[in-house]
Amino acid sequence: MNGPAHAEIERFHGAAMELADEARRIVVAAVAAGYQIRTKADASVVTEVDQAVERRLRELIARWFPDHGVVGEEYAPTRPDSAFQWILDPIDGTEEFVHGVPTFGTMLALQHHGAALVGVIDHPALDVRVNAAAGHGAYRNGSRIRLADAPADLRPEAVRLVLSARLNFTRQVDEGHLFEALTRTYPNHRIYRAAYAHTAVVSGAADVMVDMHNHVWDLAPARILVEEAGGRYAVVRDFPASDGDRLISAVFGRPAVVDRVLALFG
């Protein structure tokens with residue numbers, strides 16, 4: 001199956017950057033003006049900002065690409081049969097956003113028949129953005145990212161492993177034993193909540209991430225970002241969630257470290 005042409009991917013990438021700009025504008029304005037918070041049925045928090053960002057991005061996508069589908073955290077999918085699917089997490093890390101922790105960010109991606117074409121993670125509070133498009137490379141604030149295959153020191157105690165919180169490992173399927181095995185094997189681990197964990201790995205600030213039991217919008221940009229940077233991305237879990245969606249787990253980062261971490265999954 002032939003994918004989109006190089007120039008078309010470039011156009012999609014430009015659109016994704018504009019979407020990220022618009023999301024940042026809404027978030028920054030809301031922080032200055034204040035916003036309302038409520039608790040969803042699953043006990044997670046959502047703000048009117050999450051919803052405003054996703055509504056605006058959906059509006060722009062419908063205007064620019066009327067035949068494209070959209071999957072987002074806050075609203076039902078549109079055009080699910082389209083070959084092109086935009087995947088949106090308007091504020092990944094809403095809890096961090098609410099409490100003033102700057103690691104939250106907007107995550108968005110475009111897939112064509114399930115293959116990643118474009119990915120962006122934008123952090124308004126940090127003024128950091130990573131972005132990538134198939135065949136165009138990956139960038140952090142405009143500078144090209146090129147990940148080495150392995151860190152200078154591959155000893156387990158030197159590897160900078162980023163993990164989901166232990167709570168993620170026990171979401172619906174209890175894999176707490178994996179959390180224990182990973183943290184014992186790699187004691188120099190970190191838990192950066194929300195989108196910044198991905199950005200740290202994509203940009204080389206950390207070596208590898210294990211992101212467990214998350215929805216597609218929590219992971220969608222990571223594959224194209226890390227692969228265009230020269231890293232490796234591997235799905236290790238994919239199973240139905242209780243809400244009818246799917247939960248996905250992935251290991252990604254510098255290839256040599258990803259291979260070692262995957263060995264712990266059997």
# chains A, B, ... in the order shown; residues from 1 in each chain; ligands from 1

$ select_by_dssp --residues "region 186-259 of chain A" --states "strand (DSSP E or B)" --output "JSON, numbers by chain"
{"A": [189, 190, 208, 209, 210, 211, 212, 213, 214, 232, 233, 234, 235, 236, 237, 238, 239, 240, 246, 247, 248, 249, 250, 251, 252, 253]}

$ residues_around --residues "region 167-182 of chain A" --least-positions-apart "2" --cutoff "8 Å" --atoms "only C-alpha atoms" --output "list of chain:residue names"
A:Ser164, A:Ala165, A:Arg184, A:Thr185, A:Tyr186, A:Met212, A:His213, A:Asn214, A:Ala241, A:Ser242, A:Val261, A:Leu264, A:Phe265

$ residues_around --residues "Gly14 (chain A)" --least-positions-apart "6" --cutoff "10 Å" --atoms "only C-alpha atoms" --output "ChimeraX atom specification"
/A:8,20,118,133

$ residues_around --residues "region 203-210 of chain A" --least-positions-apart "5" --cutoff "8 Å" --atoms "only C-alpha atoms" --output "list in words"
Val130, Arg140, Ile145, Leu147, Ala150, Pro151, Val159, Arg160, Leu161, Val162, Leu163, Ser164, Ala197, His198, Ala229, Ser249, Ala250, Val251, Phe252, Gly253, Arg254, Val257 and Val258 of chain A

$ atom_distance --atom1 "CA of Leu247 (chain A)" --atom2 "CA of Glu48 (chain A)"
25.0 Å

$ atom_distance --atom1 "CA of Gly69 (chain A)" --atom2 "CA of Asp81 (chain A)"
7.4 Å

$ select_by_dssp --residues "region 103-264 of chain A" --states "helix (DSSP H, G or I)" --output "PyMOL selection string"
chain A and resi 166-169+176-185+196-202+216-219+222-228+255-264

$ residues_around --residues "Glu10 (chain A)" --least-positions-apart "3" --cutoff "9 Å" --atoms "only C-alpha atoms" --output "ChimeraX atom specification"
/A:5-7,13-15,118,133-134,136

$ atom_distance --atom1 "CA of Tyr192 (chain A)" --atom2 "CA of Gly135 (chain A)"
28.8 Å

$ closest_atom_pairs --of "region 89-206 of chain A" --to "region 216-228 of chain A" --cutoff "8 Å" --atoms "only C-alpha atoms" --output "tab-separated table"
residue	atom	partner	partner_atom	distance
A:Asp89	CA	A:Trp217	CA	5.4
A:Asp92	CA	A:Asp218	CA	7.0
A:Met107	CA	A:Pro221	CA	6.6
A:Leu108	CA	A:Pro221	CA	6.0
A:Ala109	CA	A:Pro221	CA	5.0
A:Ala116	CA	A:Ile224	CA	5.8
A:Leu117	CA	A:Ile224	CA	6.8
A:Val118	CA	A:Ile224	CA	6.5
A:Gly119	CA	A:Pro221	CA	4.2
A:Val120	CA	A:Pro221	CA	6.0
A:Ile121	CA	A:Pro221	CA	7.1
A:Val130	CA	A:Leu225	CA	7.6
A:Asn131	CA	A:Leu225	CA	6.4
A:Ala132	CA	A:Leu225	CA	5.2
A:Ala133	CA	A:Ile224	CA	6.8
A:Ala134	CA	A:Ile224	CA	6.8
A:Gly135	CA	A:Glu228	CA	7.2
A:His136	CA	A:Glu228	CA	7.4
A:Gly137	CA	A:Glu228	CA	4.8
A:Ala138	CA	A:Glu228	CA	5.2
A:Ala195	CA	A:Asp218	CA	7.9
A:His198	CA	A:Ala222	CA	6.6
A:Val201	CA	A:Val226	CA	7.8
A:Val202	CA	A:Val226	CA	5.2

$ closest_residue --among "A:Thr94, A:Arg232, A:Arg193, A:Glu54" --to "Pro77 (chain A)" --atoms "only C-alpha atoms"
A:Glu54

$ decode --residues "region 166-244 of chain A" --atoms "C-alpha atoms" --output "mmCIF file, in the first residue's frame"
data_model
loop_
_atom_site.group_PDB
_atom_site.id
_atom_site.type_symbol
_atom_site.label_atom_id
_atom_site.label_comp_id
_atom_site.auth_asym_id
_atom_site.auth_seq_id
_atom_site.Cartn_x
_atom_site.Cartn_y
_atom_site.Cartn_z
ATOM 1 C CA ARG A 166 3.484 2.009 39.337
ATOM 2 C CA LEU A 167 -0.262 2.675 39.155
ATOM 3 C CA ASN A 168 -0.087 2.296 35.371
ATOM 4 C CA PHE A 169 1.458 -1.158 35.715
ATOM 5 C CA THR A 170 -1.582 -2.308 37.671
ATOM 6 C CA ARG A 171 -4.251 -0.691 35.484
ATOM 7 C CA GLN A 172 -6.771 -3.445 34.624
ATOM 8 C CA VAL A 173 -4.015 -6.088 34.415
ATOM 9 C CA ASP A 174 -1.676 -6.261 37.423
ATOM 10 C CA GLU A 175 1.935 -6.233 36.231
ATOM 11 C CA GLY A 176 3.410 -4.777 39.380
ATOM 12 C CA HIS A 177 6.055 -7.510 39.248
ATOM 13 C CA LEU A 178 7.426 -5.902 36.079
ATOM 14 C CA PHE A 179 7.718 -2.553 37.817
ATOM 15 C CA GLU A 180 9.688 -4.229 40.598
ATOM 16 C CA ALA A 181 11.950 -6.069 38.138
ATOM 17 C CA LEU A 182 12.637 -2.913 36.120
ATOM 18 C CA THR A 183 13.418 -0.742 39.126
ATOM 19 C CA ARG A 184 15.681 -3.397 40.649
ATOM 20 C CA THR A 185 17.577 -3.898 37.393
ATOM 21 C CA TYR A 186 17.812 -0.199 36.587
ATOM 22 C CA PRO A 187 18.115 1.634 39.929
ATOM 23 C CA ASN A 188 18.916 4.958 38.217
ATOM 24 C CA HIS A 189 15.302 5.295 37.109
ATOM 25 C CA ARG A 190 13.040 8.318 36.940
ATOM 26 C CA ILE A 191 9.291 8.848 36.847
ATOM 27 C CA TYR A 192 8.456 11.976 34.896
ATOM 28 C CA ARG A 193 4.712 12.193 34.864
ATOM 29 C CA ALA A 194 2.885 13.182 31.694
ATOM 30 C CA ALA A 195 4.180 14.061 28.248
ATOM 31 C CA TYR A 196 7.618 15.218 29.386
ATOM 32 C CA ALA A 197 8.693 11.615 29.929
ATOM 33 C CA HIS A 198 8.393 11.051 26.175
ATOM 34 C CA THR A 199 10.114 14.315 25.339
ATOM 35 C CA ALA A 200 13.053 13.460 27.603
ATOM 36 C CA VAL A 201 13.619 10.147 25.814
ATOM 37 C CA VAL A 202 13.051 11.495 22.301
ATOM 38 C CA SER A 203 15.556 14.305 22.886
ATOM 39 C CA GLY A 204 18.189 12.061 24.505
ATOM 40 C CA ALA A 205 17.892 13.447 28.038
ATOM 41 C CA ALA A 206 16.960 9.901 29.114
ATOM 42 C CA ASP A 207 17.890 6.617 27.468
ATOM 43 C CA VAL A 208 14.696 4.558 27.421
ATOM 44 C CA MET A 209 11.082 4.621 28.548
ATOM 45 C CA VAL A 210 8.648 1.916 29.586
ATOM 46 C CA ASP A 211 5.128 3.328 29.192
ATOM 47 C CA MET A 212 2.550 0.876 30.481
ATOM 48 C CA HIS A 213 -1.196 0.395 29.983
ATOM 49 C CA ASN A 214 -2.053 3.685 28.323
ATOM 50 C CA HIS A 215 -4.569 4.764 25.704
ATOM 51 C CA VAL A 216 -3.552 5.433 22.115
ATOM 52 C CA TRP A 217 -3.610 9.222 22.574
ATOM 53 C CA ASP A 218 -1.048 8.904 25.401
ATOM 54 C CA LEU A 219 1.424 7.190 23.073
ATOM 55 C CA ALA A 220 0.589 8.193 19.504
ATOM 56 C CA PRO A 221 3.375 10.742 18.805
ATOM 57 C CA ALA A 222 6.156 8.695 20.420
ATOM 58 C CA ARG A 223 6.765 6.193 17.630
ATOM 59 C CA ILE A 224 7.430 8.647 14.808
ATOM 60 C CA LEU A 225 9.360 10.966 17.125
ATOM 61 C CA VAL A 226 11.745 8.325 18.432
ATOM 62 C CA GLU A 227 12.191 6.488 15.128
ATOM 63 C CA GLU A 228 12.919 9.699 13.198
ATOM 64 C CA ALA A 229 15.481 10.532 15.901
ATOM 65 C CA GLY A 230 17.211 7.195 15.273
ATOM 66 C CA GLY A 231 15.724 5.269 18.172
ATOM 67 C CA ARG A 232 13.621 2.138 18.451
ATOM 68 C CA TYR A 233 9.967 1.724 19.439
ATOM 69 C CA ALA A 234 8.425 -1.621 20.416
ATOM 70 C CA VAL A 235 4.848 -2.400 21.474
ATOM 71 C CA VAL A 236 4.866 -4.940 24.309
ATOM 72 C CA ARG A 237 1.184 -5.009 25.306
ATOM 73 C CA ASP A 238 -2.078 -4.335 23.457
ATOM 74 C CA PHE A 239 -5.337 -5.510 25.023
ATOM 75 C CA PRO A 240 -8.978 -4.413 25.374
ATOM 76 C CA ALA A 241 -9.726 -1.884 28.096
ATOM 77 C CA SER A 242 -12.800 -2.003 30.303
ATOM 78 C CA ASP A 243 -14.175 1.132 28.618
ATOM 79 C CA GLY A 244 -14.217 -0.584 25.225
#
